Amino acid sequence: GAEPAAVDDAYRSLRDGVRHPGVQPPRSIADGLLTGIGQNPFDLLRAGAVEVLTVGEDAILAVALFFLQRMKIVVEPSSATVLAAMRAHPARFAGRRVGAILTGGNTDLAWLGRTTG
């Protein structure tokens with residue numbers, strides 16, 4: 001999994017084996033990932049031995065802009081977090097087939113004002 005470092009409750013919860021509350025106040029460009037991890041998702045991810053990687057805001061924005069400029073598709077920052085994590089940890093994914101679900105219909109493009117691209 002992947003989440004912004006600024007709201008890393010899932011990462012900390014899975015790392016520590018106990019569910020941590022969401023970060024308060026939650027602040028990230030990835031507004032779809034601001035809620036804390038619930039008990040059921042925590043239990044499922046823990047049972048599946050899922051690991052969550054964290055990425056910074058700049059990396060998330062860079063990937064969202066990459067999709068827009070290079071691939072001509074709109075991907076909301078929450079979804080861009082997935083590719084940002086893959087880019088930040090390339091050795092973890094080298095030689096593997098990786099699938100990612102990308103979404104974009106839930107963004108208003110205000111984040112474009114925060115990019116330097």
# chains A, B, ... in the order shown; residues from 1 in each chain; ligands from 1
call {"tool": "closest_atom_pairs", "arguments": {"of": "segment 33-88 of chain A", "to": "segment 8-16 of chain A", "cutoff": "10 Å", "atoms": "only C-alpha atoms", "output": "tab-separated table"}}
result
residue	atom	partner	partner_atom	distance
A:Leu33	CA	A:Asp8	CA	9.4
A:Leu34	CA	A:Asp8	CA	9.2
A:Thr35	CA	A:Asp9	CA	9.0
A:Gly36	CA	A:Asp9	CA	6.3
A:Ile37	CA	A:Ala10	CA	5.8
A:Gly38	CA	A:Ala10	CA	9.1
A:Pro41	CA	A:Ala10	CA	9.4
A:Phe42	CA	A:Leu14	CA	7.5
A:Asp43	CA	A:Leu14	CA	9.3
A:Leu45	CA	A:Leu14	CA	7.8
A:Arg46	CA	A:Leu14	CA	6.3
A:Ala49	CA	A:Leu14	CA	8.4
A:Val50	CA	A:Leu14	CA	7.7
A:Glu51	CA	A:Leu14	CA	6.9
A:Val52	CA	A:Tyr11	CA	5.0
A:Leu53	CA	A:Tyr11	CA	6.7
A:Thr54	CA	A:Asp8	CA	6.9
A:Val55	CA	A:Asp8	CA	9.3
call {"tool": "residues_around", "arguments": {"residues": "Ala80 of chain A", "least_positions_apart": "5", "cutoff": "9 Å", "atoms": "only C-alpha atoms", "output": "NGL selection string"}}
result
:A and (30 or 59-64 or 67 or 75 or 85 or 102-103)
call {"tool": "select_by_dssp", "arguments": {"residues": "chain A", "states": "strand (DSSP E or B)", "output": "list in words"}}
result
Ala2, Glu3, Pro4, Leu53, Thr54 and Val55 of chain A
call {"tool": "closest_residue", "arguments": {"among": "A:Pro90, A:Gly56, A:Gly1, A:Gly48", "to": "Arg27 of chain A", "atoms": "only C-alpha atoms"}}
result
A:Gly56
call {"tool": "closest_residue", "arguments": {"among": "A:Glu57, A:Arg19, A:Asn40, A:Ala47", "to": "Thr81 of chain A", "atoms": "only C-alpha atoms"}}
result
A:Glu57
call {"tool": "decode", "arguments": {"residues": "segment 21-37 of chain A", "atoms": "all heavy atoms", "output": "PDB file, in the first residue's frame"}}
result
ATOM      1  N   PRO A  21      -4.590   6.111  15.733  1.00  0.00           N
ATOM      2  CA  PRO A  21      -5.610   7.034  15.219  1.00  0.00           C
ATOM      3  C   PRO A  21      -5.059   7.835  14.043  1.00  0.00           C
ATOM      4  O   PRO A  21      -3.845   7.951  13.868  1.00  0.00           O
ATOM      5  CB  PRO A  21      -5.904   7.938  16.419  1.00  0.00           C
ATOM      6  CG  PRO A  21      -4.677   7.863  17.261  1.00  0.00           C
ATOM      7  CD  PRO A  21      -4.103   6.490  17.050  1.00  0.00           C
ATOM      8  N   GLY A  22      -5.956   8.380  13.260  1.00  0.00           N
ATOM      9  CA  GLY A  22      -5.550   9.228  12.148  1.00  0.00           C
ATOM     10  C   GLY A  22      -4.831  10.473  12.651  1.00  0.00           C
ATOM     11  O   GLY A  22      -5.031  10.907  13.785  1.00  0.00           O
ATOM     12  N   VAL A  23      -4.009  11.043  11.812  1.00  0.00           N
ATOM     13  CA  VAL A  23      -3.269  12.256  12.142  1.00  0.00           C
ATOM     14  C   VAL A  23      -4.260  13.416  12.261  1.00  0.00           C
ATOM     15  O   VAL A  23      -5.135  13.579  11.415  1.00  0.00           O
ATOM     16  CB  VAL A  23      -2.216  12.551  11.052  1.00  0.00           C
ATOM     17  CG1 VAL A  23      -1.530  13.877  11.295  1.00  0.00           C
ATOM     18  CG2 VAL A  23      -1.207  11.411  10.978  1.00  0.00           C
ATOM     19  N   GLN A  24      -4.108  14.210  13.299  1.00  0.00           N
ATOM     20  CA  GLN A  24      -4.990  15.360  13.512  1.00  0.00           C
ATOM     21  C   GLN A  24      -4.175  16.636  13.616  1.00  0.00           C
ATOM     22  O   GLN A  24      -3.224  16.670  14.368  1.00  0.00           O
ATOM     23  CB  GLN A  24      -5.816  15.177  14.774  1.00  0.00           C
ATOM     24  CG  GLN A  24      -6.791  14.029  14.700  1.00  0.00           C
ATOM     25  CD  GLN A  24      -7.807  14.207  13.589  1.00  0.00           C
ATOM     26  OE1 GLN A  24      -8.274  15.308  13.315  1.00  0.00           O
ATOM     27  NE2 GLN A  24      -8.142  13.117  12.924  1.00  0.00           N
ATOM     28  N   PRO A  25      -4.496  17.678  12.942  1.00  0.00           N
ATOM     29  CA  PRO A  25      -5.461  17.689  11.853  1.00  0.00           C
ATOM     30  C   PRO A  25      -4.829  17.088  10.606  1.00  0.00           C
ATOM     31  O   PRO A  25      -3.639  17.298  10.351  1.00  0.00           O
ATOM     32  CB  PRO A  25      -5.769  19.175  11.654  1.00  0.00           C
ATOM     33  CG  PRO A  25      -4.504  19.862  12.047  1.00  0.00           C
ATOM     34  CD  PRO A  25      -3.914  19.002  13.147  1.00  0.00           C
ATOM     35  N   PRO A  26      -5.599  16.349   9.833  1.00  0.00           N
ATOM     36  CA  PRO A  26      -5.028  15.723   8.631  1.00  0.00           C
ATOM     37  C   PRO A  26      -4.787  16.757   7.541  1.00  0.00           C
ATOM     38  O   PRO A  26      -5.685  17.520   7.193  1.00  0.00           O
ATOM     39  CB  PRO A  26      -6.100  14.721   8.213  1.00  0.00           C
ATOM     40  CG  PRO A  26      -7.377  15.306   8.731  1.00  0.00           C
ATOM     41  CD  PRO A  26      -7.009  16.043   9.995  1.00  0.00           C
ATOM     42  N   ARG A  27      -3.564  16.802   7.022  1.00  0.00           N
ATOM     43  CA  ARG A  27      -3.244  17.745   5.945  1.00  0.00           C
ATOM     44  C   ARG A  27      -2.382  17.049   4.916  1.00  0.00           C
ATOM     45  O   ARG A  27      -1.267  16.615   5.201  1.00  0.00           O
ATOM     46  CB  ARG A  27      -2.482  18.940   6.513  1.00  0.00           C
ATOM     47  CG  ARG A  27      -3.337  19.828   7.357  1.00  0.00           C
ATOM     48  CD  ARG A  27      -2.718  21.197   7.534  1.00  0.00           C
ATOM     49  NE  ARG A  27      -3.619  22.030   8.307  1.00  0.00           N
ATOM     50  CZ  ARG A  27      -3.326  22.521   9.490  1.00  0.00           C
ATOM     51  NH1 ARG A  27      -2.154  22.302  10.025  1.00  0.00           N
ATOM     52  NH2 ARG A  27      -4.205  23.257  10.123  1.00  0.00           N
ATOM     53  N   SER A  28      -2.903  16.976   3.703  1.00  0.00           N
ATOM     54  CA  SER A  28      -2.178  16.413   2.577  1.00  0.00           C
ATOM     55  C   SER A  28      -2.898  16.816   1.299  1.00  0.00           C
ATOM     56  O   SER A  28      -4.120  17.002   1.303  1.00  0.00           O
ATOM     57  CB  SER A  28      -2.113  14.882   2.664  1.00  0.00           C
ATOM     58  OG  SER A  28      -1.545  14.343   1.492  1.00  0.00           O
ATOM     59  N   ILE A  29      -2.139  16.944   0.227  1.00  0.00           N
ATOM     60  CA  ILE A  29      -2.734  17.197  -1.076  1.00  0.00           C
ATOM     61  C   ILE A  29      -3.591  16.001  -1.510  1.00  0.00           C
ATOM     62  O   ILE A  29      -4.520  16.133  -2.288  1.00  0.00           O
ATOM     63  CB  ILE A  29      -1.660  17.528  -2.135  1.00  0.00           C
ATOM     64  CG1 ILE A  29      -2.289  18.055  -3.411  1.00  0.00           C
ATOM     65  CG2 ILE A  29      -0.785  16.327  -2.427  1.00  0.00           C
ATOM     66  CD1 ILE A  29      -2.991  19.364  -3.280  1.00  0.00           C
ATOM     67  N   ALA A  30      -3.303  14.837  -0.960  1.00  0.00           N
ATOM     68  CA  ALA A  30      -4.046  13.611  -1.263  1.00  0.00           C
ATOM     69  C   ALA A  30      -5.269  13.536  -0.348  1.00  0.00           C
ATOM     70  O   ALA A  30      -5.332  12.736   0.585  1.00  0.00           O
ATOM     71  CB  ALA A  30      -3.130  12.402  -1.085  1.00  0.00           C
ATOM     72  N   ASP A  31      -6.254  14.373  -0.630  1.00  0.00           N
ATOM     73  CA  ASP A  31      -7.397  14.513   0.267  1.00  0.00           C
ATOM     74  C   ASP A  31      -8.237  13.253   0.413  1.00  0.00           C
ATOM     75  O   ASP A  31      -8.927  13.071   1.402  1.00  0.00           O
ATOM     76  CB  ASP A  31      -8.266  15.696  -0.135  1.00  0.00           C
ATOM     77  CG  ASP A  31      -8.856  15.577  -1.534  1.00  0.00           C
ATOM     78  OD1 ASP A  31      -8.467  14.667  -2.280  1.00  0.00           O
ATOM     79  OD2 ASP A  31      -9.708  16.416  -1.879  1.00  0.00           O
ATOM     80  N   GLY A  32      -8.147  12.348  -0.525  1.00  0.00           N
ATOM     81  CA  GLY A  32      -8.877  11.092  -0.420  1.00  0.00           C
ATOM     82  C   GLY A  32      -8.261  10.116   0.572  1.00  0.00           C
ATOM     83  O   GLY A  32      -8.836   9.079   0.867  1.00  0.00           O
ATOM     84  N   LEU A  33      -7.093  10.471   1.114  1.00  0.00           N
ATOM     85  CA  LEU A  33      -6.397   9.587   2.055  1.00  0.00           C
ATOM     86  C   LEU A  33      -6.262  10.216   3.444  1.00  0.00           C
ATOM     87  O   LEU A  33      -5.400   9.822   4.222  1.00  0.00           O
ATOM     88  CB  LEU A  33      -5.007   9.238   1.497  1.00  0.00           C
ATOM     89  CG  LEU A  33      -5.021   8.532   0.141  1.00  0.00           C
ATOM     90  CD1 LEU A  33      -3.601   8.355  -0.390  1.00  0.00           C
ATOM     91  CD2 LEU A  33      -5.721   7.189   0.242  1.00  0.00           C
ATOM     92  N   LEU A  34      -7.116  11.161   3.753  1.00  0.00           N
ATOM     93  CA  LEU A  34      -7.013  11.878   5.022  1.00  0.00           C
ATOM     94  C   LEU A  34      -7.631  11.150   6.204  1.00  0.00           C
ATOM     95  O   LEU A  34      -7.290  11.431   7.343  1.00  0.00           O
ATOM     96  CB  LEU A  34      -7.647  13.272   4.895  1.00  0.00           C
ATOM     97  CG  LEU A  34      -6.968  14.231   3.924  1.00  0.00           C
ATOM     98  CD1 LEU A  34      -7.688  15.572   3.919  1.00  0.00           C
ATOM     99  CD2 LEU A  34      -5.496  14.404   4.250  1.00  0.00           C
ATOM    100  N   THR A  35      -8.533  10.232   5.955  1.00  0.00           N
ATOM    101  CA  THR A  35      -9.189   9.543   7.070  1.00  0.00           C
ATOM    102  C   THR A  35      -8.256   8.518   7.685  1.00  0.00           C
ATOM    103  O   THR A  35      -7.372   7.973   7.030  1.00  0.00           O
ATOM    104  CB  THR A  35     -10.469   8.838   6.606  1.00  0.00           C
ATOM    105  OG1 THR A  35     -10.134   7.874   5.613  1.00  0.00           O
ATOM    106  CG2 THR A  35     -11.467   9.828   6.039  1.00  0.00           C
ATOM    107  N   GLY A  36      -8.456   8.261   8.960  1.00  0.00           N
ATOM    108  CA  GLY A  36      -7.673   7.243   9.648  1.00  0.00           C
ATOM    109  C   GLY A  36      -8.106   5.850   9.227  1.00  0.00           C
ATOM    110  O   GLY A  36      -9.212   5.644   8.729  1.00  0.00           O
ATOM    111  N   ILE A  37      -7.233   4.892   9.447  1.00  0.00           N
ATOM    112  CA  ILE A  37      -7.540   3.501   9.092  1.00  0.00           C
ATOM    113  C   ILE A  37      -8.546   2.931  10.096  1.00  0.00           C
ATOM    114  O   ILE A  37      -8.381   3.076  11.309  1.00  0.00           O
ATOM    115  CB  ILE A  37      -6.253   2.647   9.006  1.00  0.00           C
ATOM    116  CG1 ILE A  37      -6.571   1.278   8.427  1.00  0.00           C
ATOM    117  CG2 ILE A  37      -5.547   2.547  10.346  1.00  0.00           C
ATOM    118  CD1 ILE A  37      -5.340   0.460   8.066  1.00  0.00           C
TER     119      ILE A  37
END
